[in-house]
Structure formats: C-alpha cells, structure tokens
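model.txt (compact mmCIF, C-alpha atoms)
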# COMPACT_ATOMS: atom_id res chain seq x y z
CA MET A 271 30.83 0.90 16.44
CA ARG A 272 32.54 4.14 15.45
CA ASN A 273 33.34 2.75 12.00
CA ILE A 274 29.72 1.65 11.51
CA LEU A 275 28.44 5.11 12.44
CA ALA A 276 30.98 6.72 10.11
CA VAL A 277 29.81 4.59 7.18
CA ALA A 278 26.16 5.25 8.11
CA GLY A 279 26.81 9.00 8.20
CA LYS A 280 28.54 8.90 4.82
CA GLU A 281 25.68 6.89 3.35
CA LEU A 282 23.04 9.22 4.76
CA ARG A 283 24.87 12.30 3.43
CA SER A 284 25.10 10.72 0.00
CA TYR A 285 21.31 10.28 -0.02
CA PHE A 286 20.79 13.97 0.63
CA HIS A 287 23.49 15.04 -1.82
CA SER A 288 21.41 13.40 -4.55
CA PRO A 289 17.71 13.77 -5.39
CA ILE A 290 16.90 10.31 -3.99
CA ALA A 291 16.14 11.26 -0.40
CA TYR A 292 14.08 14.30 -1.39
CA LEU A 293 12.19 12.37 -4.07
CA VAL A 294 11.39 9.44 -1.78
CA MET A 295 10.27 11.64 1.11
CA ALA A 296 8.25 13.93 -1.17
CA VAL A 297 6.41 11.06 -2.86
CA TYR A 298 5.84 9.34 0.47
CA SER A 299 4.55 12.54 2.09
CA VAL A 300 2.11 13.23 -0.76
CA LEU A 301 0.76 9.66 -0.88
CA CYS A 302 0.56 9.34 2.90
CA GLY A 303 -1.13 12.73 3.18
CA PHE A 304 -3.65 11.95 0.44
CA PHE A 305 -4.73 8.62 1.89
CA PHE A 306 -4.72 9.99 5.42
CA TYR A 307 -7.07 12.77 4.31
CA SER A 308 -9.26 10.32 2.38
CA PHE A 309 -9.66 7.90 5.29
CA THR A 310 -10.23 10.72 7.77
CA ALA A 311 -12.82 12.43 5.57
CA THR A 312 -14.65 9.11 5.08
CA TYR A 313 -14.63 8.53 8.83
CA VAL A 314 -16.09 11.99 9.50
CA VAL A 315 -18.82 11.52 6.89
CA GLN A 316 -19.75 8.10 8.28
CA THR A 317 -19.79 9.48 11.84
CA PHE A 318 -22.20 12.28 10.88
CA ARG A 319 -24.36 9.78 9.01
CA MET A 320 -24.56 7.54 12.07
CA GLN A 321 -25.45 10.50 14.28
CA ALA A 322 -28.20 11.53 11.85
CA MET A 323 -29.62 8.00 11.98
CA GLY A 324 -29.35 7.88 15.75
CA GLY A 325 -26.73 5.12 15.60
CA MET A 326 -29.43 2.46 15.55
CA GLY A 327 -28.14 -0.99 14.59
CA MET A 328 -24.74 0.26 13.52
CA PRO A 329 -21.37 -0.73 15.05
CA SER A 330 -19.40 1.85 17.01
CA MET A 331 -16.73 3.57 14.95
CA THR A 332 -13.24 4.33 16.20
CA ILE A 333 -10.50 6.36 14.54
CA ASN A 334 -8.08 3.48 14.99
CA ASP A 335 -10.26 1.03 13.06
CA TYR A 336 -11.43 3.35 10.31
CA VAL A 337 -8.38 5.56 9.75
CA ILE A 338 -5.16 4.33 11.32
CA ARG A 339 -5.36 0.59 10.65
CA PRO A 340 -6.41 0.91 6.97
CA LEU A 341 -3.67 3.50 6.50
CA PHE A 342 -0.99 1.15 7.82
CA GLU A 343 -2.25 -2.17 6.50
CA GLY A 344 -3.90 -1.22 3.24
CA VAL A 345 -1.79 1.64 1.95
CA LEU A 346 1.57 2.32 3.58
CA ALA A 347 2.78 -1.28 3.26
CA ILE A 348 2.14 -1.16 -0.49
CA VAL A 349 3.69 2.30 -0.85
CA LEU A 350 6.84 1.02 0.85
CA LEU A 351 7.09 -1.83 -1.67
CA LEU A 352 7.45 0.87 -4.33
CA LEU A 353 9.71 3.33 -2.51
CA ILE A 354 12.18 1.20 -0.56
CA PRO A 355 13.80 -0.14 -3.78
CA LEU A 356 14.69 3.51 -4.53
CA ILE A 357 16.56 3.62 -1.21
CA THR A 358 18.38 0.30 -1.54
CA MET A 359 19.19 0.38 -5.26
CA ARG A 360 22.30 2.50 -4.82
CA LEU A 361 23.82 0.86 -1.73
CA TYR A 362 26.24 -1.32 -3.69
CA ALA A 363 25.19 -0.78 -7.31
CA GLU A 364 26.43 2.82 -7.22
CA GLU A 365 29.75 1.73 -5.72
CA LYS A 366 30.20 -0.73 -8.57
CA ARG A 367 29.15 1.77 -11.22
CA SER A 368 31.47 4.53 -10.00
CA GLY A 369 34.40 2.15 -9.49
CA THR A 370 34.72 2.87 -5.76
CA ILE A 371 33.85 -0.71 -4.83
CA GLU A 372 37.55 -1.65 -4.97
CA LEU A 373 38.46 1.09 -2.51
CA LEU A 374 35.56 0.09 -0.28
CA LEU A 375 36.48 -3.59 -0.20
CA THR A 376 40.17 -2.90 0.48
CA SER A 377 39.55 -0.31 3.19
CA PRO A 378 40.87 -1.01 6.73
CA ILE A 379 37.38 -1.59 8.16
CA THR A 380 35.69 -4.97 8.01
CA ASP A 381 33.07 -6.03 5.49
CA LEU A 382 30.48 -6.46 8.25
CA GLN A 383 31.09 -2.91 9.51
CA ILE A 384 30.56 -1.58 5.99
CA ILE A 385 27.39 -3.62 5.53
CA LEU A 386 25.95 -2.60 8.90
CA GLY A 387 26.88 1.03 8.24
CA LYS A 388 25.15 1.06 4.87
CA PHE A 389 22.11 -0.68 6.34
CA LEU A 390 21.97 1.79 9.24
CA GLY A 391 22.23 4.77 6.88
CA ALA A 392 19.31 3.47 4.81
CA LEU A 393 17.39 2.68 8.01
CA LEU A 394 17.84 6.25 9.26
CA LEU A 395 16.38 7.61 6.03
CA TYR A 396 13.50 5.18 6.37
CA GLY A 397 13.03 6.27 9.99
CA THR A 398 12.52 9.81 8.72
CA MET A 399 9.62 8.53 6.62
CA ILE A 400 8.04 6.95 9.70
CA VAL A 401 8.33 10.29 11.51
CA ILE A 402 6.44 11.89 8.61
CA THR A 403 3.69 9.28 9.05
CA PHE A 404 3.25 10.05 12.72
CA GLY A 405 3.30 13.75 11.96
CA TYR A 406 0.03 13.21 10.11
CA LEU A 407 -1.35 10.97 12.85
CA GLY A 408 -0.57 13.65 15.41
CA VAL A 409 -3.43 15.66 13.91
CA LEU A 410 -5.82 12.98 15.12
CA PHE A 411 -4.75 13.55 18.71
CA ILE A 412 -5.39 17.27 18.35
CA TYR A 413 -8.88 16.97 16.90
CA GLY A 414 -9.88 13.41 17.87
CA ASN A 415 -9.39 10.74 20.49
CA PRO A 416 -7.55 7.73 19.03
CA PHE A 417 -6.12 5.04 21.27
CA ALA A 418 -2.39 5.64 21.70
CA LYS A 419 -1.22 2.16 22.72
CA PRO A 420 -1.98 0.41 19.38
CA LEU A 421 0.13 3.05 17.64
CA ILE A 422 3.23 1.77 19.42
CA ALA A 423 2.72 -1.71 17.98
CA GLN A 424 1.96 -0.26 14.56
CA ALA A 425 5.12 1.86 14.65
CA VAL A 426 7.22 -1.18 15.62
CA GLY A 427 5.60 -3.23 12.85
CA LEU A 428 6.15 -0.56 10.21
CA PHE A 429 9.79 -0.14 11.29
CA LEU A 430 10.49 -3.89 11.17
CA PHE A 431 8.60 -4.30 7.89
CA GLY A 432 10.75 -1.63 6.29
CA GLY A 433 13.92 -2.97 7.90
CA ALA A 434 13.30 -6.41 6.38
CA LEU A 435 12.81 -4.89 2.93
CA LEU A 436 15.95 -2.77 3.30
CA ALA A 437 18.07 -5.80 4.20
CA LEU A 438 16.80 -7.79 1.21
CA GLY A 439 17.16 -4.80 -1.12
CA MET A 440 20.74 -4.23 0.03
CA TRP A 441 21.59 -7.83 -0.84
CA ILE A 442 20.02 -7.53 -4.29
CA SER A 443 22.01 -4.34 -4.90
CA THR A 444 25.27 -6.32 -4.69
CA PHE A 445 24.50 -8.23 -7.91
CA THR A 446 24.50 -5.36 -10.39
CA LYS A 447 26.02 -1.97 -11.08
CA ASN A 448 22.80 -0.70 -12.66
CA GLN A 449 20.58 0.99 -10.08
CA ILE A 450 17.44 0.64 -12.21
CA ILE A 451 17.91 -3.12 -12.46
CA ALA A 452 18.50 -3.33 -8.71
CA ALA A 453 15.30 -1.34 -8.05
CA VAL A 454 13.17 -3.42 -10.44
CA VAL A 455 14.42 -6.76 -9.13
CA SER A 456 13.97 -5.58 -5.54
CA PHE A 457 10.38 -4.53 -6.23
CA ALA A 458 9.64 -7.89 -7.88
CA VAL A 459 11.05 -9.81 -4.88
CA PHE A 460 9.20 -7.59 -2.39
CA LEU A 461 5.94 -8.02 -4.27
CA LEU A 462 6.37 -11.79 -4.35
CA PHE A 463 6.91 -11.93 -0.59
CA TYR A 464 3.91 -9.63 -0.13
CA VAL A 465 1.46 -11.89 -2.02
CA LEU A 466 2.72 -15.31 -0.93
CA ASN A 467 -0.21 -15.72 1.45
CA TRP A 468 -2.64 -15.57 -1.48
CA VAL A 469 -2.07 -19.30 -1.97
CA THR A 470 -4.28 -19.95 1.08
CA ALA A 471 -7.27 -18.84 -0.99
CA TYR A 472 -7.09 -21.99 -3.13
CA SER A 473 -4.93 -24.40 -1.11
CA SER A 474 -4.72 -25.55 2.51
CA GLY A 475 -1.80 -27.97 2.35
CA ALA A 476 1.53 -27.84 4.14
CA VAL A 477 3.22 -25.99 1.28
CA SER A 478 0.60 -23.25 1.28
CA ARG A 479 0.95 -22.84 5.05
CA VAL A 480 4.71 -22.46 4.71
CA LEU A 481 4.35 -19.92 1.91
CA ALA A 482 1.77 -18.02 3.95
CA TYR A 483 4.16 -17.92 6.91
CA LEU A 484 6.90 -16.50 4.67
CA SER A 485 4.61 -13.72 3.46
CA LEU A 486 5.32 -10.20 4.68
CA THR A 487 1.58 -9.54 4.84
CA THR A 488 0.88 -12.38 7.27
CA HIS A 489 3.18 -10.96 9.93
CA PHE A 490 2.23 -7.33 9.42
CA ASP A 491 -1.45 -7.99 10.03
CA ALA A 492 -1.11 -8.35 13.81
CA PHE A 493 0.99 -5.18 14.09
CA SER A 494 -1.59 -3.22 12.09
CA LYS A 495 -4.21 -4.30 14.67
CA GLY A 496 -2.01 -2.98 17.48
CA VAL A 497 -0.79 -6.40 18.64
CA VAL A 498 2.89 -7.30 19.11
CA ASP A 499 3.34 -11.05 18.66
CA LEU A 500 6.68 -12.74 19.37
CA LYS A 501 6.54 -14.89 16.24
CA ASP A 502 6.11 -11.79 14.09
CA LEU A 503 9.05 -10.08 15.78
CA VAL A 504 11.18 -13.19 15.23
CA TYR A 505 10.14 -13.35 11.58
CA TYR A 506 11.10 -9.78 10.73
CA LEU A 507 14.33 -9.89 12.73
CA SER A 508 15.21 -13.18 11.01
CA VAL A 509 14.66 -11.63 7.57
CA ILE A 510 16.87 -8.68 8.52
CA VAL A 511 19.64 -10.99 9.75
CA LEU A 512 19.26 -13.16 6.64
CA GLY A 513 19.53 -10.14 4.35
CA ILE A 514 22.70 -8.96 6.11
CA PHE A 515 24.16 -12.49 6.03
CA LEU A 516 23.47 -12.89 2.29
CA THR A 517 24.95 -9.46 1.64
CA ALA A 518 28.10 -10.48 3.51
CA ARG A 519 28.42 -13.64 1.42
CA SER A 520 27.88 -11.67 -1.78
CA VAL A 521 30.47 -9.07 -0.76
CA GLU A 522 32.96 -11.85 -0.05
CA ALA A 523 32.41 -13.10 -3.60
CA LEU A 524 32.99 -9.60 -4.93
CA LYS A 525 36.16 -9.31 -2.87
CA GLY A 526 37.51 -12.45 -4.50
CA ARG A 527 37.16 -10.80 -7.91
CA VAL A 528 38.82 -7.51 -6.93

Take the structure in this file and express it as structure tokens.
Amino acid sequence: MRNILAVAGKELRSYFHSPIAYLVMAVYSVLCGFFFYSFTATYVVQTFRMQAMGGMGMPSMTINDYVIRPLFEGVLAIVLLLLIPLITMRLYAEEKRSGTIELLLTSPITDLQIILGKFLGALLLYGTMIVITFGYLGVLFIYGNPFAKPLIAQAVGLFLFGGALLALGMWISTFTKNQIIAAVVSFAVFLLFYVLNWVTAYSSGAVSRVLAYLSLTTHFDAFSKGVVDLKDLVYYLSVIVLGIFLTARSVEALKGRV
C-alpha cells in the first residue's frame, strides 16, 4: 500500500507541476459555474412565474429536479467526456515520450502497484473536481431547500462515472507516446460508450439491449435521479476493474519490449 501511495503522490505532484491540473480545474469550474447559474436562474424565473399565476395547473417545482439533476445528467457527464482525456493522456504516454518508461518498468515495485498508484493519483485530481461541483451546490443549501439524500447518490454516481473513464483512459494511454493522440482516442472511445444506448431509438432486439446496457448513460441515469442501484454499481466497478486489467496486460507487453 505504501508503494501505491508513493506512486499516487508522485503522479499528483506531476499534475500540479504542469499546467494540466490548473487547466482542467479552471475549465471545469467555469463550465460548471456557468451552467449552475443558468439552471438556477431559470428555476428562479419559473418559480416567480408560477407564483404570479397562482400555481394553477402547474406541477410543483423542486431545486433537485430543475437544477441539480439537469446539471449532473445533462451537462457534467458531457463535460467530463471532454476533460478526463486531458487527465489520462499523460499517465503512460508521457513516460514513453520522456524515456522514463524503462526505469518505471524495471523498478523494484510491481506493475500492479504502479498501475494502481497512477490510477489513484488521477482519481484524486478528479475528486478535487467533484469537490468544486459540491462547492457550487452548497449555495443552494444556503439560499434554498434542496433534498440532501439524492445528492449522496449523485456524488457516488459522478465519482464512479469518472473512475470508469479514468481506467479506460489509462489503458489507452499505454498504446502511444503522443499525449494528443491518447487524448483524442480516449475522447472517441468515451463518446462511443456514451451514445451506445441511442440504438434503442430504432431497434429493440437483443443486440440493441446489450449495447444499451454497455452505455455509460444508461447506468448514470439512476444516479442522477438520486437512486443507487446495485446493477449500476456493479457496471461501473466492472469497467474500472476491466480498465486496470487491460492496462496490466498492455504494460506486460511493453515490459517484453524493454
């Protein structure tokens, strides 16, 4: 465990010694803040409009339904598709570019410890982004009355969603020494997994159901509603384990060429 934490600390420091961490957090903060303000302003306007009309014939409005859920489901998931490749692109590609991959692969710690350490370092940076998200949402508790319990499920869903993307992006990073290529390929793969459930719009066969199950969107939907479902937990944890497993196999192949 000590070796994993040491690798994670080294990886996290390397993020902050380069512009990557600051760029990712700055872009995420701006986008999250903009959409948070837009959804909140729309909610306030609609609330005043309902009050002016006496609320006749109109459904009750809650902050969770009109601000928090659209923010998580409609915006942040898509923003993460764009930003997480910037986090994962350097995990192994930079090691290969700088020539330190040989030292890394011949170090006295195991390949799995290195992989878990790199994944944990990237996950800690991603966790900082989640903290930023809930910093904005904290404003709602000061000036509004959102339901707190659904936020727990949404936080878990967002964390697992990002963790799955990080694991896949780390694996993709092992195939190239060019960070830009790693980022572009990662984004393409993430986008494909995000839209797989679109096939249900024109097909209802067994293949479409399987593709829909593999979609990241399908399993994030319940979390965005504040519901923790076991099958969704299993899905995201399985993707994380699969990403780590594939990375280990890819690193073994690299080791054979060193």

> Taking into account all atoms listed in the file, which residue in the set A:Leu395, A:Val498, A:Ala418, A:Val454 is nearest to A:Tyr285?
Replying inline: A:Leu395

Edge lengths and centre, in Å to one decimal, as lines of an AutoDock Vina configuration file: that's what I need for the box along x, y and z that holds all listed atoms of stretch 455-458 of chain A plus 6 Å on each side.
center_x = 12.0
center_y = -6.2
center_z = -7.3
size_x = 16.8
size_y = 15.4
size_z = 15.6

> Out of A:Leu481, A:Ala476, A:Ile354, A:Leu407, which residue has the shortest atom-to-atom distance to A:Tyr307 when counting all atoms listed in the file?
Replying inline: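 Selected residue with least distance to A:Tyr307: A:Leu407.
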
>> Could you list, as a ChimeraX atom specification, every residue within 12 Å of A:Asp502, counting only C-alpha atoms and ignoring same-chain residues fewer than 5 positions away?
In response: /A:423,426-428,430-431,434,483-494,497,507-509

>> Which residue is closest to A:Tyr313? Choose from A:Asn467, A:Ser456, A:Asn334, A:Gln383 and count only C-alpha atoms.
In response: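 The closest residue to A:Tyr313 is A:Asn334.
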
> What gap, in Å, lies between atom CA of A:Leu500 and atom CA of A:Val337?
Replying inline: 25.6 Å

> How many Å separate atom CA of A:Leu352 from atom CA of A:Ala458?
Replying inline: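 If I compute the distance from atom CA of A:Leu352 to atom CA of A:Ala458, I get 9.7 Å.
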
>> Which residue is closest to A:Lys447? Choose from A:Ile274, A:Ile333, A:Met359, A:Leu394 and count only C-alpha atoms.
In response: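 Counting only C-alpha atoms, the residue closest to A:Lys447 is A:Met359.
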
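The spacing separating atom CA of A:Val297 from atom CA of A:Phe457 amounts to 16.4 Å.
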
> Contacts of A:Val277 at 10 Å or less, counting all atoms listed in the file, minus same-chain residues fewer than 3 places along, as a ChimeraX atom specification?
Replying inline: /A:272-274,280-283,379,383-391

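Counting all atoms listed in the file, the residue from A:Leu382, A:Met271, A:Leu341, A:Leu524 that sits nearest to A:Tyr406 is A:Leu341.
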
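With all atoms listed in the file as the atoms that count, the minimum distance from A:Phe304 to the choices A:Val345, A:Val469, A:Leu516, A:Ile290 is reached by A:Val345.
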
>> Counting only C-alpha atoms, I want the residues whose atoms come within 9 Å of (7.9, 12.7, 4.0) in the file frame, returned as an MDAnalysis selection string.
In response: chainID A and resid 292 294:300 302 398:403
